[in-house]
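A quick write-up on the structure given underneath.
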Amino acid sequence: MGGGFELTLACDLRIGEEGDFRYGNPEVRAGVIPGAGGTQRITRLVGLARALDWILRGRIVRPEVALELGLVHELVDDAPARALELAEEIALLPPMSVANAKRALHMGADTNLQAGFEIENMAWTEVMQSDDARVALKTCVDAEPDSRRNWFESANSPNYPAYSGH
C-alpha cells in the first residue's frame, strides 16, 4: 500500500498474488496524498471518476478487487515467479519492437489521438527498417503455412531467432 503500491503503478505489467494481501493508497487517511506519481498513474489506469473514489476515500482492497479495477493484470499463486516468466518471454522478442511499442503506448496515452497516430507511425517506421524486423518477418514467412499461427504463440518464444536490437 502507499509508496509500495505507487511503485507498482509505475510498472508496465502488474502481477497480483492471491491471498491475504491488500492494495491501496490510504495516504489521505494519514493527512497526506499519494506521491511518486500515484495520483497521476491511478487516474490514467482507471479514469478520473474511479481515481477520485480511490484516492479521496483512501481505499484499500483485496487482490480480487484490484484485478476487477484493472490495478493488476492477473492474480497468481506466486507473483515473483510469474513476473520472471513474463520478463523472460518478453526478453526473447525483438528488443527494438518491444521498446518502440512501449514508447508509442506511453507517449500516445498522454496526448490526443492524432498525435498518438503520428507517434505510432514514427515508431513503426523505425522498427520496420530494423534488422530485427527483417529477421523476424523472414523467420515467420519461412515457417510452414500450417505452423505460422503457432509461431506467434508465446509458448513458441524460446524458438524465436536471436535478435540484435538493431
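Quick note on naming: the chains in the C-alpha cells go A, B, ... in the order shown, residues restart at 1 in each chain, and ligands are numbered from 1 in order of appearance.
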Could you list, with a cut-off of 12 Å and counting only C-alpha atoms, the residues of region 22-64 of chain A near region 74-89 of chain A, each shown with its nearest atom pair and the distance in Å rounded to one decimal, rows sorted by chain and ascending number, as a tab-separated table?
residue	atom	partner	partner_atom	distance
A:Arg62	CA	A:Leu75	CA	11.0
A:Pro63	CA	A:Leu75	CA	7.3
A:Glu64	CA	A:Leu75	CA	7.7
All heavy atoms of the current selection, written as a JSON list (two decimals), in the first residue's frame:
[["chain", "number", "residue", "atom", "x", "y", "z"],
["A", 62, "ARG", "N", -8.78, -5.97, -1.52],
["A", 62, "ARG", "CA", -8.18, -7.30, -1.64],
["A", 62, "ARG", "C", -7.74, -7.53, -3.09],
["A", 62, "ARG", "O", -8.18, -6.81, -3.99],
["A", 62, "ARG", "CB", -9.19, -8.36, -1.19],
["A", 62, "ARG", "CG", -9.59, -8.22, 0.28],
["A", 62, "ARG", "CD", -10.54, -9.31, 0.73],
["A", 62, "ARG", "NE", -10.02, -10.66, 0.54],
["A", 62, "ARG", "CZ", -9.12, -11.25, 1.35],
["A", 62, "ARG", "NH1", -8.67, -10.61, 2.40],
["A", 62, "ARG", "NH2", -8.69, -12.48, 1.08],
["A", 63, "PRO", "N", -6.91, -8.53, -3.34],
["A", 63, "PRO", "CA", -6.41, -8.78, -4.70],
["A", 63, "PRO", "C", -7.50, -8.95, -5.75],
["A", 63, "PRO", "O", -7.35, -8.46, -6.87],
["A", 63, "PRO", "CB", -5.60, -10.07, -4.53],
["A", 63, "PRO", "CG", -5.16, -10.06, -3.11],
["A", 63, "PRO", "CD", -6.29, -9.42, -2.35],
["A", 64, "GLU", "N", -8.61, -9.60, -5.41],
["A", 64, "GLU", "CA", -9.67, -9.83, -6.39],
["A", 64, "GLU", "C", -10.28, -8.51, -6.87],
["A", 64, "GLU", "O", -10.61, -8.36, -8.04],
["A", 64, "GLU", "CB", -10.77, -10.71, -5.79],
["A", 64, "GLU", "CG", -10.31, -12.10, -5.38],
["A", 64, "GLU", "CD", -9.56, -12.13, -4.04],
["A", 64, "GLU", "OE1", -9.69, -11.18, -3.22],
["A", 64, "GLU", "OE2", -8.83, -13.10, -3.82]]
Need to verify the contact set: region 116-124 of chain A, 8 Å, only C-alpha atoms, exclusion of same-chain residues closer than 3 positions in sequence. Can you return it as a CSV table (one decimal) with N, CA and C atoms, in the first residue's frame?
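Result went into result-v3.csv, see below:
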chain,number,residue,atom,x,y,z
A,100,ASN,N,9.9,0.2,-28.9
A,100,ASN,CA,9.1,1.2,-29.7
A,100,ASN,C,7.6,1.0,-29.4
A,101,ALA,N,7.2,-0.2,-29.2
A,101,ALA,CA,5.8,-0.4,-28.8
A,101,ALA,C,5.5,0.3,-27.5
A,103,ARG,N,7.2,2.7,-26.1
A,103,ARG,CA,7.3,4.2,-26.3
A,103,ARG,C,6.0,4.7,-26.9
A,104,ALA,N,5.5,4.1,-27.9
A,104,ALA,CA,4.3,4.6,-28.6
A,104,ALA,C,3.1,4.5,-27.6
A,105,LEU,N,3.0,3.4,-26.9
A,105,LEU,CA,1.9,3.3,-25.9
A,105,LEU,C,1.9,4.4,-24.9
A,107,MET,N,3.7,7.3,-24.8
A,107,MET,CA,3.7,8.7,-25.3
A,107,MET,C,2.3,9.0,-25.9
A,108,GLY,N,1.7,8.0,-26.6
A,108,GLY,CA,0.4,8.2,-27.1
A,108,GLY,C,-0.7,8.4,-26.1
A,109,ALA,N,-0.5,7.7,-25.0
A,109,ALA,CA,-1.6,7.8,-23.9
A,109,ALA,C,-1.6,9.2,-23.3
A,111,THR,N,-1.4,12.1,-25.0
A,111,THR,CA,-1.7,13.1,-26.0
A,111,THR,C,-3.0,12.9,-26.7
A,112,ASN,N,-3.3,13.6,-27.7
A,112,ASN,CA,-4.6,13.4,-28.4
A,112,ASN,C,-4.4,12.3,-29.4
A,113,LEU,N,-5.5,11.8,-30.0
A,113,LEU,CA,-5.5,10.6,-30.8
A,113,LEU,C,-4.6,10.9,-32.1
A,127,VAL,N,11.0,0.7,-36.6
A,127,VAL,CA,11.1,-0.7,-36.4
A,127,VAL,C,11.1,-1.5,-37.8
A,128,MET,N,10.2,-1.1,-38.7
A,128,MET,CA,10.2,-1.7,-40.0
A,128,MET,C,11.5,-1.7,-40.8
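Those residues that approach region 35-40 of chain A to within 8 Å, counting only C-alpha atoms, are Gly3, Glu6, Leu7, Leu9, Thr43, Arg44, Ala51 and Ile55 of chain A; same-chain residues fewer than 3 positions away are not listed.
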Expected file contents, prior selection, all heavy atoms, as a JSON list (two decimals), in the first residue's frame:
[["chain", "number", "residue", "atom", "x", "y", "z"],
["A", 3, "GLY", "N", 3.36, 3.94, -0.75],
["A", 3, "GLY", "CA", 4.54, 4.05, -1.61],
["A", 3, "GLY", "C", 4.85, 2.78, -2.38],
["A", 3, "GLY", "O", 5.25, 2.81, -3.54],
["A", 6, "GLU", "N", 2.48, 2.67, -5.20],
["A", 6, "GLU", "CA", 2.86, 3.66, -6.20],
["A", 6, "GLU", "C", 3.99, 3.14, -7.08],
["A", 6, "GLU", "O", 4.00, 3.36, -8.29],
["A", 6, "GLU", "CB", 3.24, 4.97, -5.53],
["A", 6, "GLU", "CG", 2.03, 5.67, -4.92],
["A", 6, "GLU", "CD", 2.37, 6.65, -3.82],
["A", 6, "GLU", "OE1", 3.56, 6.89, -3.57],
["A", 6, "GLU", "OE2", 1.42, 7.17, -3.22],
["A", 7, "LEU", "N", 4.91, 2.41, -6.50],
["A", 7, "LEU", "CA", 5.97, 1.79, -7.27],
["A", 7, "LEU", "C", 5.39, 0.78, -8.25],
["A", 7, "LEU", "O", 5.76, 0.71, -9.42],
["A", 7, "LEU", "CB", 6.99, 1.11, -6.35],
["A", 7, "LEU", "CG", 8.16, 0.41, -7.02],
["A", 7, "LEU", "CD1", 8.98, 1.38, -7.84],
["A", 7, "LEU", "CD2", 9.02, -0.28, -5.97],
["A", 9, "LEU", "N", 2.42, 0.87, -9.57],
["A", 9, "LEU", "CA", 1.72, 1.59, -10.63],
["A", 9, "LEU", "C", 2.67, 2.04, -11.74],
["A", 9, "LEU", "O", 2.23, 2.28, -12.86],
["A", 9, "LEU", "CB", 0.97, 2.79, -10.06],
["A", 9, "LEU", "CG", -0.19, 2.48, -9.12],
["A", 9, "LEU", "CD1", -0.74, 3.78, -8.53],
["A", 9, "LEU", "CD2", -1.27, 1.69, -9.81],
["A", 43, "THR", "N", -5.06, 7.65, -12.12],
["A", 43, "THR", "CA", -6.05, 8.30, -12.99],
["A", 43, "THR", "C", -5.96, 7.75, -14.40],
["A", 43, "THR", "O", -6.98, 7.48, -15.04],
["A", 43, "THR", "CB", -5.85, 9.83, -12.99],
["A", 43, "THR", "OG1", -5.97, 10.30, -11.65],
["A", 43, "THR", "CG2", -6.87, 10.53, -13.85],
["A", 44, "ARG", "N", -4.76, 7.57, -14.90],
["A", 44, "ARG", "CA", -4.59, 7.06, -16.25],
["A", 44, "ARG", "C", -4.98, 5.58, -16.36],
["A", 44, "ARG", "O", -5.38, 5.12, -17.41],
["A", 44, "ARG", "CB", -3.15, 7.27, -16.70],
["A", 44, "ARG", "CG", -2.89, 8.73, -17.08],
["A", 44, "ARG", "CD", -1.40, 9.05, -17.14],
["A", 44, "ARG", "NE", -1.14, 10.38, -17.63],
["A", 44, "ARG", "CZ", -1.29, 11.49, -16.94],
["A", 44, "ARG", "NH1", -1.75, 11.45, -15.70],
["A", 44, "ARG", "NH2", -1.00, 12.66, -17.46],
["A", 51, "ALA", "N", -10.57, 7.10, -9.97],
["A", 51, "ALA", "CA", -9.40, 7.60, -9.24],
["A", 51, "ALA", "C", -9.83, 8.50, -8.08],
["A", 51, "ALA", "O", -9.27, 8.42, -6.99],
["A", 51, "ALA", "CB", -8.46, 8.35, -10.18],
["A", 55, "ILE", "N", -8.71, 7.55, -4.37],
["A", 55, "ILE", "CA", -7.80, 8.41, -3.60],
["A", 55, "ILE", "C", -8.53, 9.15, -2.48],
["A", 55, "ILE", "O", -8.04, 9.18, -1.33],
["A", 55, "ILE", "CB", -7.09, 9.43, -4.53],
["A", 55, "ILE", "CG1", -6.25, 8.72, -5.60],
["A", 55, "ILE", "CG2", -6.26, 10.42, -3.73],
["A", 55, "ILE", "CD1", -5.08, 7.92, -5.09]]
So how far away is CA of Gly31 (chain A) from CA of Thr8 (chain A), in Å? 21.9 Å
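For region 57-87 of chain A, a DSSP pass over the backbone yields helix (DSSP H, G or I) at Pro63, Glu64, Val65, Ala66, Leu67, Glu68, Leu69, Ala79, Pro80, Ala81, Arg82, Ala83, Leu84, Glu85, Leu86 and Ala87 of chain A.
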Selection above as a file: N, CA and C atoms, as a PDB file, in the first residue's frame:
ATOM      1  N   PRO A  63      -6.907  -8.525  -3.337  1.00  0.00           N
ATOM      2  CA  PRO A  63      -6.412  -8.778  -4.696  1.00  0.00           C
ATOM      3  C   PRO A  63      -7.504  -8.951  -5.748  1.00  0.00           C
ATOM      4  N   GLU A  64      -8.611  -9.603  -5.408  1.00  0.00           N
ATOM      5  CA  GLU A  64      -9.675  -9.834  -6.390  1.00  0.00           C
ATOM      6  C   GLU A  64     -10.275  -8.515  -6.870  1.00  0.00           C
ATOM      7  N   VAL A  65     -10.438  -7.571  -5.971  1.00  0.00           N
ATOM      8  CA  VAL A  65     -10.986  -6.263  -6.332  1.00  0.00           C
ATOM      9  C   VAL A  65      -9.967  -5.479  -7.152  1.00  0.00           C
ATOM     10  N   ALA A  66      -8.689  -5.588  -6.789  1.00  0.00           N
ATOM     11  CA  ALA A  66      -7.633  -4.923  -7.567  1.00  0.00           C
ATOM     12  C   ALA A  66      -7.644  -5.422  -9.009  1.00  0.00           C
ATOM     13  N   LEU A  67      -7.888  -6.699  -9.196  1.00  0.00           N
ATOM     14  CA  LEU A  67      -7.981  -7.254 -10.539  1.00  0.00           C
ATOM     15  C   LEU A  67      -9.202  -6.706 -11.267  1.00  0.00           C
ATOM     16  N   GLU A  68     -10.356  -6.666 -10.598  1.00  0.00           N
ATOM     17  CA  GLU A  68     -11.577  -6.130 -11.206  1.00  0.00           C
ATOM     18  C   GLU A  68     -11.411  -4.675 -11.615  1.00  0.00           C
ATOM     19  N   LEU A  69     -10.681  -3.895 -10.827  1.00  0.00           N
ATOM     20  CA  LEU A  69     -10.477  -2.476 -11.111  1.00  0.00           C
ATOM     21  C   LEU A  69      -9.392  -2.241 -12.168  1.00  0.00           C
ATOM     22  N   ALA A  79       3.501 -14.553  -7.451  1.00  0.00           N
ATOM     23  CA  ALA A  79       3.683 -13.378  -8.312  1.00  0.00           C
ATOM     24  C   ALA A  79       5.132 -13.196  -8.777  1.00  0.00           C
ATOM     25  N   PRO A  80       6.150 -13.333  -7.907  1.00  0.00           N
ATOM     26  CA  PRO A  80       7.524 -13.171  -8.405  1.00  0.00           C
ATOM     27  C   PRO A  80       7.881 -14.178  -9.508  1.00  0.00           C
ATOM     28  N   ALA A  81       7.433 -15.416  -9.365  1.00  0.00           N
ATOM     29  CA  ALA A  81       7.725 -16.420 -10.392  1.00  0.00           C
ATOM     30  C   ALA A  81       7.033 -16.066 -11.709  1.00  0.00           C
ATOM     31  N   ARG A  82       5.792 -15.621 -11.630  1.00  0.00           N
ATOM     32  CA  ARG A  82       5.054 -15.248 -12.846  1.00  0.00           C
ATOM     33  C   ARG A  82       5.678 -14.023 -13.506  1.00  0.00           C
ATOM     34  N   ALA A  83       6.100 -13.054 -12.704  1.00  0.00           N
ATOM     35  CA  ALA A  83       6.743 -11.854 -13.256  1.00  0.00           C
ATOM     36  C   ALA A  83       8.022 -12.235 -13.993  1.00  0.00           C
ATOM     37  N   LEU A  84       8.796 -13.144 -13.422  1.00  0.00           N
ATOM     38  CA  LEU A  84      10.021 -13.599 -14.079  1.00  0.00           C
ATOM     39  C   LEU A  84       9.695 -14.330 -15.378  1.00  0.00           C
ATOM     40  N   GLU A  85       8.654 -15.141 -15.367  1.00  0.00           N
ATOM     41  CA  GLU A  85       8.213 -15.851 -16.562  1.00  0.00           C
ATOM     42  C   GLU A  85       7.856 -14.868 -17.687  1.00  0.00           C
ATOM     43  N   LEU A  86       7.101 -13.827 -17.348  1.00  0.00           N
ATOM     44  CA  LEU A  86       6.736 -12.820 -18.349  1.00  0.00           C
ATOM     45  C   LEU A  86       7.953 -12.057 -18.846  1.00  0.00           C
ATOM     46  N   ALA A  87       8.854 -11.711 -17.932  1.00  0.00           N
ATOM     47  CA  ALA A  87      10.072 -10.987 -18.318  1.00  0.00           C
ATOM     48  C   ALA A  87      10.922 -11.818 -19.267  1.00  0.00           C
TER      49      ALA A  87
END
